[in-house]
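Engineer: Got data_25.txt for you, compact mmCIF, N, CA and C atoms:
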# COMPACT_ATOMS: atom_id res chain seq x y z
N MET A 65 122.18 39.35 168.82
CA MET A 65 122.95 39.68 167.64
C MET A 65 123.29 41.17 167.67
N LYS A 66 124.49 41.50 167.41
CA LYS A 66 124.89 42.90 167.34
C LYS A 66 124.47 43.40 165.97
N ARG A 67 123.53 44.34 165.92
CA ARG A 67 123.00 44.81 164.66
C ARG A 67 123.50 46.22 164.35
N TRP A 68 124.62 46.59 164.86
CA TRP A 68 125.09 47.95 164.72
C TRP A 68 126.16 48.12 163.68
N LEU A 69 127.03 47.19 163.58
CA LEU A 69 128.20 47.36 162.73
C LEU A 69 128.36 46.14 161.86
N ILE A 70 128.05 46.32 160.56
CA ILE A 70 128.31 45.23 159.64
C ILE A 70 129.76 45.40 159.27
N SER A 71 130.43 44.45 159.23
CA SER A 71 131.86 44.34 159.16
C SER A 71 132.14 43.36 160.26
N ALA A 72 133.15 43.53 160.95
CA ALA A 72 133.50 42.53 161.95
C ALA A 72 132.54 42.49 163.12
N ALA A 73 132.08 43.62 163.59
CA ALA A 73 131.28 43.61 164.81
C ALA A 73 129.97 42.86 164.64
N ALA A 74 129.26 43.09 163.55
CA ALA A 74 128.02 42.37 163.34
C ALA A 74 128.28 40.90 163.15
N MET A 75 129.31 40.57 162.45
CA MET A 75 129.61 39.16 162.21
C MET A 75 130.04 38.47 163.50
N ALA A 76 130.65 39.18 164.40
CA ALA A 76 131.04 38.58 165.67
C ALA A 76 129.80 38.18 166.45
N GLY A 77 128.72 38.92 166.28
CA GLY A 77 127.47 38.56 166.94
C GLY A 77 126.77 37.38 166.29
N ILE A 78 127.08 37.12 165.03
CA ILE A 78 126.45 36.03 164.30
C ILE A 78 127.28 34.76 164.39
N ILE A 79 128.57 34.90 164.36
CA ILE A 79 129.48 33.75 164.31
C ILE A 79 130.27 33.65 165.60
N ALA A 80 130.37 32.49 166.13
CA ALA A 80 131.20 32.30 167.33
C ALA A 80 132.64 32.50 166.93
N SER A 81 133.30 33.37 167.62
CA SER A 81 134.68 33.67 167.25
C SER A 81 135.66 33.02 168.20
N ALA A 82 136.91 33.06 167.81
CA ALA A 82 137.98 32.48 168.64
C ALA A 82 138.12 33.27 169.92
N GLY A 83 138.74 32.69 170.91
CA GLY A 83 138.92 33.32 172.21
C GLY A 83 140.01 34.36 172.22
N PRO A 84 140.86 34.31 173.22
CA PRO A 84 141.89 35.34 173.39
C PRO A 84 142.82 35.45 172.19
N ALA A 85 143.47 36.59 172.11
CA ALA A 85 144.37 36.87 171.00
C ALA A 85 145.44 35.79 170.91
N ALA A 86 145.66 35.33 169.70
CA ALA A 86 146.69 34.33 169.44
C ALA A 86 147.11 34.53 168.00
N ALA A 87 147.98 33.68 167.54
CA ALA A 87 148.46 33.80 166.17
C ALA A 87 147.51 33.15 165.18
N ALA A 88 146.33 32.75 165.62
CA ALA A 88 145.36 32.11 164.74
C ALA A 88 144.91 33.08 163.66
N PRO A 89 144.68 32.58 162.44
CA PRO A 89 144.23 33.44 161.36
C PRO A 89 142.76 33.80 161.54
N PRO A 90 142.29 34.84 160.84
CA PRO A 90 140.88 35.20 160.90
C PRO A 90 140.00 34.05 160.39
N ASP A 91 138.76 34.01 160.86
CA ASP A 91 137.79 33.01 160.42
C ASP A 91 137.10 33.47 159.14
N ALA A 92 136.93 32.55 158.20
CA ALA A 92 136.19 32.84 156.97
C ALA A 92 134.70 32.92 157.29
N ILE A 93 134.00 33.85 156.64
CA ILE A 93 132.56 33.97 156.84
C ILE A 93 131.87 34.12 155.50
N ASP A 94 130.63 33.68 155.44
CA ASP A 94 129.73 33.89 154.31
C ASP A 94 128.34 33.83 154.92
N VAL A 95 127.79 35.00 155.27
CA VAL A 95 126.54 35.09 156.01
C VAL A 95 125.57 35.98 155.24
N THR A 96 124.31 35.54 155.18
CA THR A 96 123.26 36.35 154.57
C THR A 96 122.16 36.55 155.60
N PHE A 97 121.69 37.77 155.75
CA PHE A 97 120.58 38.06 156.66
C PHE A 97 119.79 39.23 156.10
N THR A 98 118.62 39.51 156.69
CA THR A 98 117.76 40.59 156.24
C THR A 98 117.64 41.64 157.33
N SER A 99 117.75 42.90 156.91
CA SER A 99 117.55 44.04 157.80
C SER A 99 116.31 44.79 157.34
N THR A 100 115.51 45.26 158.29
CA THR A 100 114.35 46.10 157.95
C THR A 100 114.54 47.51 158.48
N ASP A 101 115.78 47.87 158.81
CA ASP A 101 116.05 49.17 159.41
C ASP A 101 115.89 50.34 158.46
N CYS A 102 115.78 50.08 157.16
CA CYS A 102 115.52 51.14 156.18
C CYS A 102 114.02 51.42 156.04
N GLY A 103 113.19 50.58 156.67
CA GLY A 103 111.75 50.70 156.48
C GLY A 103 111.26 49.75 155.40
N PHE A 104 112.17 49.02 154.79
CA PHE A 104 111.86 47.99 153.81
C PHE A 104 112.94 46.92 153.95
N PRO A 105 112.64 45.68 153.52
CA PRO A 105 113.63 44.61 153.69
C PRO A 105 114.86 44.80 152.80
N VAL A 106 116.02 44.64 153.39
CA VAL A 106 117.29 44.69 152.67
C VAL A 106 118.01 43.38 152.95
N GLU A 107 118.31 42.63 151.89
CA GLU A 107 119.10 41.41 152.06
C GLU A 107 120.57 41.81 152.06
N ILE A 108 121.30 41.31 153.06
CA ILE A 108 122.70 41.66 153.22
C ILE A 108 123.51 40.37 153.24
N GLN A 109 124.48 40.29 152.34
CA GLN A 109 125.40 39.15 152.34
C GLN A 109 126.79 39.69 152.64
N VAL A 110 127.44 39.10 153.64
CA VAL A 110 128.79 39.49 154.03
C VAL A 110 129.71 38.30 153.81
N VAL A 111 130.77 38.52 153.04
CA VAL A 111 131.72 37.47 152.70
C VAL A 111 133.12 38.00 153.01
N GLY A 112 133.97 37.16 153.53
CA GLY A 112 135.35 37.55 153.82
C GLY A 112 135.86 36.86 155.05
N LYS A 113 136.52 37.63 155.89
CA LYS A 113 137.10 37.09 157.12
C LYS A 113 136.81 38.02 158.28
N THR A 114 136.84 37.48 159.48
CA THR A 114 136.66 38.28 160.68
C THR A 114 137.47 37.66 161.81
N LYS A 115 137.89 38.50 162.73
CA LYS A 115 138.63 38.01 163.89
C LYS A 115 138.32 38.91 165.08
N THR A 116 138.03 38.29 166.20
CA THR A 116 137.81 39.03 167.45
C THR A 116 139.01 38.78 168.35
N ILE A 117 139.60 39.85 168.83
CA ILE A 117 140.73 39.77 169.74
C ILE A 117 140.26 40.27 171.10
N ASP A 118 140.18 39.38 172.06
CA ASP A 118 139.73 39.71 173.41
C ASP A 118 140.90 40.32 174.18
N LEU A 119 140.73 41.58 174.58
CA LEU A 119 141.79 42.27 175.32
C LEU A 119 141.61 42.15 176.83
N GLY A 120 140.53 41.53 177.25
CA GLY A 120 140.24 41.43 178.69
C GLY A 120 139.57 42.68 179.20
N ASP A 121 139.11 42.67 180.43
CA ASP A 121 138.45 43.82 181.06
C ASP A 121 137.29 44.35 180.22
N GLY A 122 136.58 43.48 179.49
CA GLY A 122 135.43 43.90 178.70
C GLY A 122 135.79 44.59 177.40
N GLN A 123 137.04 44.55 176.99
CA GLN A 123 137.46 45.21 175.75
C GLN A 123 137.80 44.17 174.69
N SER A 124 137.49 44.52 173.44
CA SER A 124 137.85 43.65 172.31
C SER A 124 138.08 44.49 171.07
N ILE A 125 138.84 43.93 170.16
CA ILE A 125 139.07 44.52 168.84
C ILE A 125 138.55 43.51 167.83
N ILE A 126 137.77 43.98 166.87
CA ILE A 126 137.20 43.11 165.85
C ILE A 126 137.69 43.60 164.50
N THR A 127 138.32 42.71 163.75
CA THR A 127 138.86 43.08 162.44
C THR A 127 138.08 42.38 161.33
N SER A 128 138.21 42.91 160.11
CA SER A 128 137.49 42.33 158.97
C SER A 128 138.32 42.42 157.70
N PRO A 129 139.43 41.70 157.66
CA PRO A 129 140.28 41.77 156.45
C PRO A 129 139.59 41.15 155.23
N GLY A 130 139.63 41.86 154.11
CA GLY A 130 139.10 41.33 152.86
C GLY A 130 137.61 41.06 152.87
N GLN A 131 136.83 41.83 153.59
CA GLN A 131 135.40 41.59 153.71
C GLN A 131 134.61 42.46 152.74
N THR A 132 133.57 41.88 152.13
CA THR A 132 132.67 42.65 151.27
C THR A 132 131.23 42.43 151.73
N ALA A 133 130.40 43.44 151.50
CA ALA A 133 128.97 43.35 151.80
C ALA A 133 128.20 43.69 150.54
N THR A 134 127.25 42.82 150.19
CA THR A 134 126.35 43.06 149.06
C THR A 134 124.96 43.25 149.64
N LEU A 135 124.35 44.40 149.34
CA LEU A 135 123.03 44.74 149.87
C LEU A 135 122.06 44.87 148.70
N THR A 136 120.90 44.22 148.83
CA THR A 136 119.92 44.19 147.75
C THR A 136 118.54 44.52 148.29
N ALA A 137 117.83 45.44 147.60
CA ALA A 137 116.45 45.79 147.94
C ALA A 137 115.82 46.50 146.76
N ASN A 138 114.54 46.29 146.57
CA ASN A 138 113.77 47.01 145.56
C ASN A 138 114.37 46.92 144.16
N GLY A 139 115.00 45.80 143.84
CA GLY A 139 115.61 45.63 142.53
C GLY A 139 116.96 46.31 142.38
N ASN A 140 117.48 46.90 143.44
CA ASN A 140 118.77 47.58 143.41
C ASN A 140 119.78 46.79 144.24
N THR A 141 121.04 46.80 143.81
CA THR A 141 122.11 46.12 144.53
C THR A 141 123.33 47.03 144.60
N VAL A 142 123.94 47.08 145.78
CA VAL A 142 125.22 47.78 145.96
C VAL A 142 126.17 46.81 146.65
N GLU A 143 127.45 46.99 146.37
CA GLU A 143 128.48 46.16 147.01
C GLU A 143 129.57 47.07 147.53
N TYR A 144 129.99 46.82 148.76
CA TYR A 144 131.02 47.64 149.38
C TYR A 144 132.10 46.74 149.97
N VAL A 145 133.34 47.18 149.87
CA VAL A 145 134.44 46.57 150.60
C VAL A 145 134.40 47.21 151.99
N ILE A 146 134.34 46.38 153.02
CA ILE A 146 134.22 46.90 154.39
C ILE A 146 135.31 46.26 155.25
N THR A 147 136.47 46.85 155.20
CA THR A 147 137.61 46.28 155.91
C THR A 147 137.96 47.08 157.16
N GLY A 148 136.94 47.62 157.81
CA GLY A 148 137.18 48.42 159.01
C GLY A 148 137.47 47.58 160.23
N THR A 149 137.77 48.28 161.30
CA THR A 149 138.05 47.67 162.59
C THR A 149 137.17 48.34 163.63
N SER A 150 136.71 47.58 164.59
CA SER A 150 135.96 48.19 165.69
C SER A 150 136.60 47.82 167.02
N HIS A 151 136.50 48.73 167.95
CA HIS A 151 137.00 48.54 169.31
C HIS A 151 135.78 48.65 170.22
N GLU A 152 135.52 47.63 171.00
CA GLU A 152 134.36 47.64 171.89
C GLU A 152 134.81 47.56 173.33
N GLN A 153 134.08 48.28 174.19
CA GLN A 153 134.33 48.21 175.61
C GLN A 153 132.99 48.12 176.34
N VAL A 154 132.82 47.05 177.10
CA VAL A 154 131.62 46.89 177.93
C VAL A 154 131.85 47.66 179.21
N MET A 155 130.93 48.59 179.49
CA MET A 155 131.05 49.43 180.67
C MET A 155 130.45 48.71 181.89
N PRO A 156 130.74 49.18 183.11
CA PRO A 156 130.23 48.51 184.31
C PRO A 156 128.70 48.37 184.34
N ASP A 157 127.97 49.31 183.71
CA ASP A 157 126.51 49.22 183.71
C ASP A 157 125.98 48.36 182.57
N GLY A 158 126.87 47.76 181.77
CA GLY A 158 126.45 46.87 180.69
C GLY A 158 126.36 47.54 179.33
N THR A 159 126.42 48.88 179.29
CA THR A 159 126.40 49.55 178.00
C THR A 159 127.70 49.25 177.26
N VAL A 160 127.67 49.38 175.95
CA VAL A 160 128.85 49.08 175.14
C VAL A 160 129.24 50.33 174.37
N GLU A 161 130.47 50.77 174.56
CA GLU A 161 131.05 51.89 173.81
C GLU A 161 131.81 51.30 172.63
N VAL A 162 131.56 51.83 171.43
CA VAL A 162 132.18 51.29 170.22
C VAL A 162 132.84 52.41 169.43
N THR A 163 134.05 52.15 168.96
CA THR A 163 134.73 53.02 168.01
C THR A 163 134.92 52.22 166.74
N ALA A 164 134.39 52.73 165.63
CA ALA A 164 134.52 52.07 164.33
C ALA A 164 135.47 52.89 163.48
N ALA A 165 136.55 52.27 163.04
CA ALA A 165 137.56 52.96 162.25
C ALA A 165 137.67 52.29 160.89
N GLY A 166 137.95 53.10 159.88
CA GLY A 166 138.07 52.55 158.53
C GLY A 166 136.73 52.56 157.82
N ARG A 167 136.48 51.52 157.05
CA ARG A 167 135.29 51.45 156.20
C ARG A 167 134.35 50.38 156.75
N ASN A 168 133.18 50.81 157.24
CA ASN A 168 132.22 49.93 157.88
C ASN A 168 130.80 50.27 157.43
N ILE A 169 129.89 49.34 157.66
CA ILE A 169 128.47 49.65 157.52
C ILE A 169 127.91 49.66 158.92
N LEU A 170 127.37 50.81 159.32
CA LEU A 170 126.77 50.95 160.64
C LEU A 170 125.26 50.93 160.50
N ILE A 171 124.61 50.25 161.42
CA ILE A 171 123.16 50.12 161.41
C ILE A 171 122.60 50.93 162.58
N ARG A 172 121.65 51.82 162.27
CA ARG A 172 120.89 52.49 163.32
C ARG A 172 119.53 51.82 163.33
N PRO A 173 119.20 51.09 164.39
CA PRO A 173 117.93 50.37 164.44
C PRO A 173 116.74 51.27 164.13
N ASN A 174 115.92 50.83 163.18
CA ASN A 174 114.72 51.54 162.75
C ASN A 174 115.01 52.90 162.13
N VAL A 175 116.26 53.19 161.83
CA VAL A 175 116.63 54.46 161.21
C VAL A 175 117.27 54.22 159.85
N GLY A 176 118.23 53.29 159.75
CA GLY A 176 118.84 53.03 158.46
C GLY A 176 120.18 52.35 158.50
N LEU A 177 120.76 52.20 157.30
CA LEU A 177 122.06 51.58 157.08
C LEU A 177 122.98 52.63 156.49
N PHE A 178 124.21 52.73 157.02
CA PHE A 178 125.12 53.78 156.61
C PHE A 178 126.52 53.23 156.36
N LEU A 179 127.09 53.55 155.21
CA LEU A 179 128.49 53.24 154.94
C LEU A 179 129.30 54.38 155.52
N THR A 180 130.21 54.06 156.42
CA THR A 180 131.06 55.09 157.01
C THR A 180 132.52 54.80 156.66
N THR A 181 133.24 55.87 156.36
CA THR A 181 134.67 55.78 156.11
C THR A 181 135.32 56.85 156.97
N GLY A 182 136.09 56.43 157.95
CA GLY A 182 136.70 57.36 158.89
C GLY A 182 136.65 56.80 160.29
N ASN A 183 136.54 57.69 161.26
CA ASN A 183 136.50 57.31 162.67
C ASN A 183 135.19 57.77 163.28
N PHE A 184 134.41 56.81 163.78
CA PHE A 184 133.11 57.10 164.35
C PHE A 184 132.97 56.35 165.66
N ASN A 185 132.13 56.89 166.56
CA ASN A 185 131.85 56.17 167.80
C ASN A 185 130.37 56.24 168.09
N TYR A 186 129.91 55.28 168.86
CA TYR A 186 128.51 55.23 169.28
C TYR A 186 128.42 54.37 170.52
N ALA A 187 127.23 54.34 171.12
CA ALA A 187 127.02 53.51 172.30
C ALA A 187 125.68 52.81 172.18
N ARG A 188 125.64 51.57 172.68
CA ARG A 188 124.38 50.83 172.70
C ARG A 188 124.12 50.35 174.13
N THR A 189 122.86 50.13 174.42
CA THR A 189 122.47 49.66 175.74
C THR A 189 122.86 48.20 175.90
N ALA A 190 122.80 47.72 177.12
CA ALA A 190 123.11 46.32 177.39
C ALA A 190 122.16 45.40 176.61
N ALA A 191 120.94 45.86 176.35
CA ALA A 191 119.96 45.06 175.61
C ALA A 191 120.12 45.21 174.09
N GLY A 192 121.06 46.04 173.64
CA GLY A 192 121.30 46.21 172.21
C GLY A 192 120.62 47.40 171.58
N GLY A 193 119.91 48.21 172.36
CA GLY A 193 119.26 49.41 171.83
C GLY A 193 120.26 50.54 171.64
N GLU A 194 119.83 51.55 170.93
CA GLU A 194 120.69 52.70 170.67
C GLU A 194 120.72 53.63 171.89
N LEU A 195 121.89 53.83 172.43
CA LEU A 195 122.07 54.76 173.54
C LEU A 195 122.53 56.11 173.00
N ARG A 196 123.46 56.07 172.04
CA ARG A 196 123.97 57.28 171.40
C ARG A 196 124.24 56.95 169.94
N PRO A 197 123.66 57.72 168.99
CA PRO A 197 123.92 57.44 167.57
C PRO A 197 125.37 57.72 167.21
N PHE A 198 125.81 57.14 166.09
CA PHE A 198 127.21 57.32 165.72
C PHE A 198 127.50 58.76 165.36
N MET A 199 128.71 59.18 165.67
CA MET A 199 129.21 60.51 165.33
C MET A 199 130.71 60.40 165.16
N GLY A 200 131.28 61.31 164.42
CA GLY A 200 132.71 61.28 164.23
C GLY A 200 133.13 62.04 163.00
N SER A 201 134.31 61.70 162.50
CA SER A 201 134.83 62.41 161.33
C SER A 201 135.04 61.42 160.20
N GLY A 202 134.65 61.84 159.02
CA GLY A 202 134.78 61.00 157.84
C GLY A 202 133.58 61.15 156.94
N GLN A 203 133.43 60.20 156.04
CA GLN A 203 132.35 60.23 155.06
C GLN A 203 131.24 59.27 155.48
N VAL A 204 129.97 59.71 155.28
CA VAL A 204 128.81 58.87 155.58
C VAL A 204 127.93 58.82 154.34
N VAL A 205 127.56 57.60 153.93
CA VAL A 205 126.67 57.40 152.79
C VAL A 205 125.43 56.69 153.31
N ASN A 206 124.24 57.25 153.03
CA ASN A 206 122.98 56.64 153.44
C ASN A 206 122.62 55.56 152.42
N ILE A 207 122.82 54.30 152.79
CA ILE A 207 122.57 53.19 151.87
C ILE A 207 121.08 53.04 151.57
N CYS A 208 120.23 53.35 152.52
CA CYS A 208 118.78 53.23 152.30
C CYS A 208 118.33 54.11 151.15
N ASP A 209 118.87 55.32 151.06
CA ASP A 209 118.52 56.23 149.96
C ASP A 209 118.91 55.63 148.62
N ILE A 210 120.03 54.94 148.56
CA ILE A 210 120.50 54.34 147.31
C ILE A 210 119.62 53.16 146.91
N LEU A 211 119.16 52.39 147.89
CA LEU A 211 118.37 51.18 147.61
C LEU A 211 116.87 51.43 147.50
N ALA A 212 116.42 52.64 147.87
CA ALA A 212 114.97 52.93 147.84
C ALA A 212 114.39 52.88 146.44
Go through the file and emit its structure as C-alpha cells.
Structural biologist:
Amino acid sequence: MKRWLISAAAMAGIIASAGPAAAAPPDAIDVTFTSTDCGFPVEIQVVGKTKTIDLGDGQSIITSPGQTATLTANGNTVEYVITGTSHEQVMPDGTVEVTAAGRNILIRPNVGLFLTTGNFNYARTAAGGELRPFMGSGQVVNICDILA
C-alpha cells in the first residue's frame, strides 16, 4: 500500500485502478483506514474519485477530482478537500520519485500527516520506506498537531 500521499496516490495503492489512459471516467472511492503515523491512531475516510493514467516507462499520473478526506482522532475531526494530482516515476533501482501538486495529504511514516497545498516532491524506496522527505513550495499544515 502506498502510504505517502492520501489523495489519488494512496487510493491507487488501495484500489485497483484502470489500465492505460483512455476516455474512461475516474473510479468512485469510499475507503476508511487507520494511520498510526502521528504516534496515535487516526481514522481516515477518503471519499470521491480517483484515476490513474499510465504513461508507460514507469511513469503515471494520479488524479483525485472531487475527493475529500475526513480524519478523526482523540475526539477531534477535520475534513479537507484534497483534489491534488501526483506524478510518479519508478526509477531503474526501484525507487519512486513523486511530485504532488495541488492540495494533498502527505504521510511521513512514523513522523506524521501533513496537508500540503502547492508543489512538493519526495522519494520512497522500492519497499515503500522514506528515501527523501517531501520538500517544495506552498503551504504545509501538520494534521497531527490539530488532532492531538
Engineer: Could you name the residues that touch A:Val106 at 6 Å or less, counting only N, CA and C atoms, but leaving out those on the same chain fewer than 2 positions away, as a list in words?
Structural biologist: Phe97, Thr98, Ser99, Thr100, Phe104, Ile108, Thr136 and Ala137 of chain A
Engineer: Quick one: residues within 5 Å of stretch 113-118 of chain A, only N, CA and C atoms counted, chain neighbours fewer than 3 positions away excluded, as number ranges by chain?
Structural biologist: A: 84-85, 90-93, 123-131
Engineer: Excluding A:Gln109 and any residue of its chain fewer than 2 positions from it, enumerate the residues within 5 Å of it, using only N, CA and C atoms, and give them as a list in words.
Structural biologist: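 In the requested form, the answer reads Val95, Thr96, Glu107, Val111, Ala133 and Thr134 of chain A.
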Engineer: From the DSSP assignment of the backbone, select every residue of stretch 74-170 of chain A that is alpha helix (DSSP H), and format the answer as a tab-separated table (two decimals) with N, CA and C atoms, in the frame of the given file.
Structural biologist:
chain	number	residue	atom	x	y	z
A	74	ALA	N	129.26	43.09	163.55
A	74	ALA	CA	128.02	42.37	163.34
A	74	ALA	C	128.28	40.90	163.15
A	75	MET	N	129.31	40.57	162.45
A	75	MET	CA	129.61	39.16	162.21
A	75	MET	C	130.04	38.47	163.50
A	76	ALA	N	130.65	39.18	164.40
A	76	ALA	CA	131.04	38.58	165.67
A	76	ALA	C	129.80	38.18	166.45
A	77	GLY	N	128.72	38.92	166.28
A	77	GLY	CA	127.47	38.56	166.94
A	77	GLY	C	126.77	37.38	166.29
A	78	ILE	N	127.08	37.12	165.03
A	78	ILE	CA	126.45	36.03	164.30
A	78	ILE	C	127.28	34.76	164.39
Engineer: Could you jot down the atom N of A:Phe184 to atom CA of A:Asn138 separation for me, Å, one decimal place?
Structural biologist: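 One can read the atom N of A:Phe184 to atom CA of A:Asn138 distance as 29.2 Å.
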Engineer: At a cut-off of 6 Å, using only N, CA and C atoms, what residues contact A:Gly176? Leave out same-chain residues fewer than 3 positions from it and give the result as a PDB file with N, CA and C atoms, in the frame of the given file.
Structural biologist:
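Everything below was put into result-v5.pdb:
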ATOM      1  N   ASP A 101     115.780  47.870 158.810  1.00  0.00           N
ATOM      2  CA  ASP A 101     116.050  49.170 159.410  1.00  0.00           C
ATOM      3  C   ASP A 101     115.890  50.340 158.460  1.00  0.00           C
ATOM      4  N   CYS A 102     115.780  50.080 157.160  1.00  0.00           N
ATOM      5  CA  CYS A 102     115.520  51.140 156.180  1.00  0.00           C
ATOM      6  C   CYS A 102     114.020  51.420 156.040  1.00  0.00           C
ATOM      7  N   LEU A 170     127.370  50.810 159.320  1.00  0.00           N
ATOM      8  CA  LEU A 170     126.770  50.950 160.640  1.00  0.00           C
ATOM      9  C   LEU A 170     125.260  50.930 160.500  1.00  0.00           C
ATOM     10  N   ILE A 171     124.610  50.250 161.420  1.00  0.00           N
ATOM     11  CA  ILE A 171     123.160  50.120 161.410  1.00  0.00           C
ATOM     12  C   ILE A 171     122.600  50.930 162.580  1.00  0.00           C
ATOM     13  N   ARG A 172     121.650  51.820 162.270  1.00  0.00           N
ATOM     14  CA  ARG A 172     120.890  52.490 163.320  1.00  0.00           C
ATOM     15  C   ARG A 172     119.530  51.820 163.330  1.00  0.00           C
ATOM     16  N   PRO A 173     119.200  51.090 164.390  1.00  0.00           N
ATOM     17  CA  PRO A 173     117.930  50.370 164.440  1.00  0.00           C
ATOM     18  C   PRO A 173     116.740  51.270 164.130  1.00  0.00           C
TER      19      PRO A 173
END
Engineer: From the options A:Leu119, A:Leu195, A:Ala190, A:Val205, which residue's atoms come nearest to A:Phe178, counting only C-alpha atoms?
Structural biologist: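 Looking only at the distances to A:Phe178, the closest residue turns out to be A:Val205.
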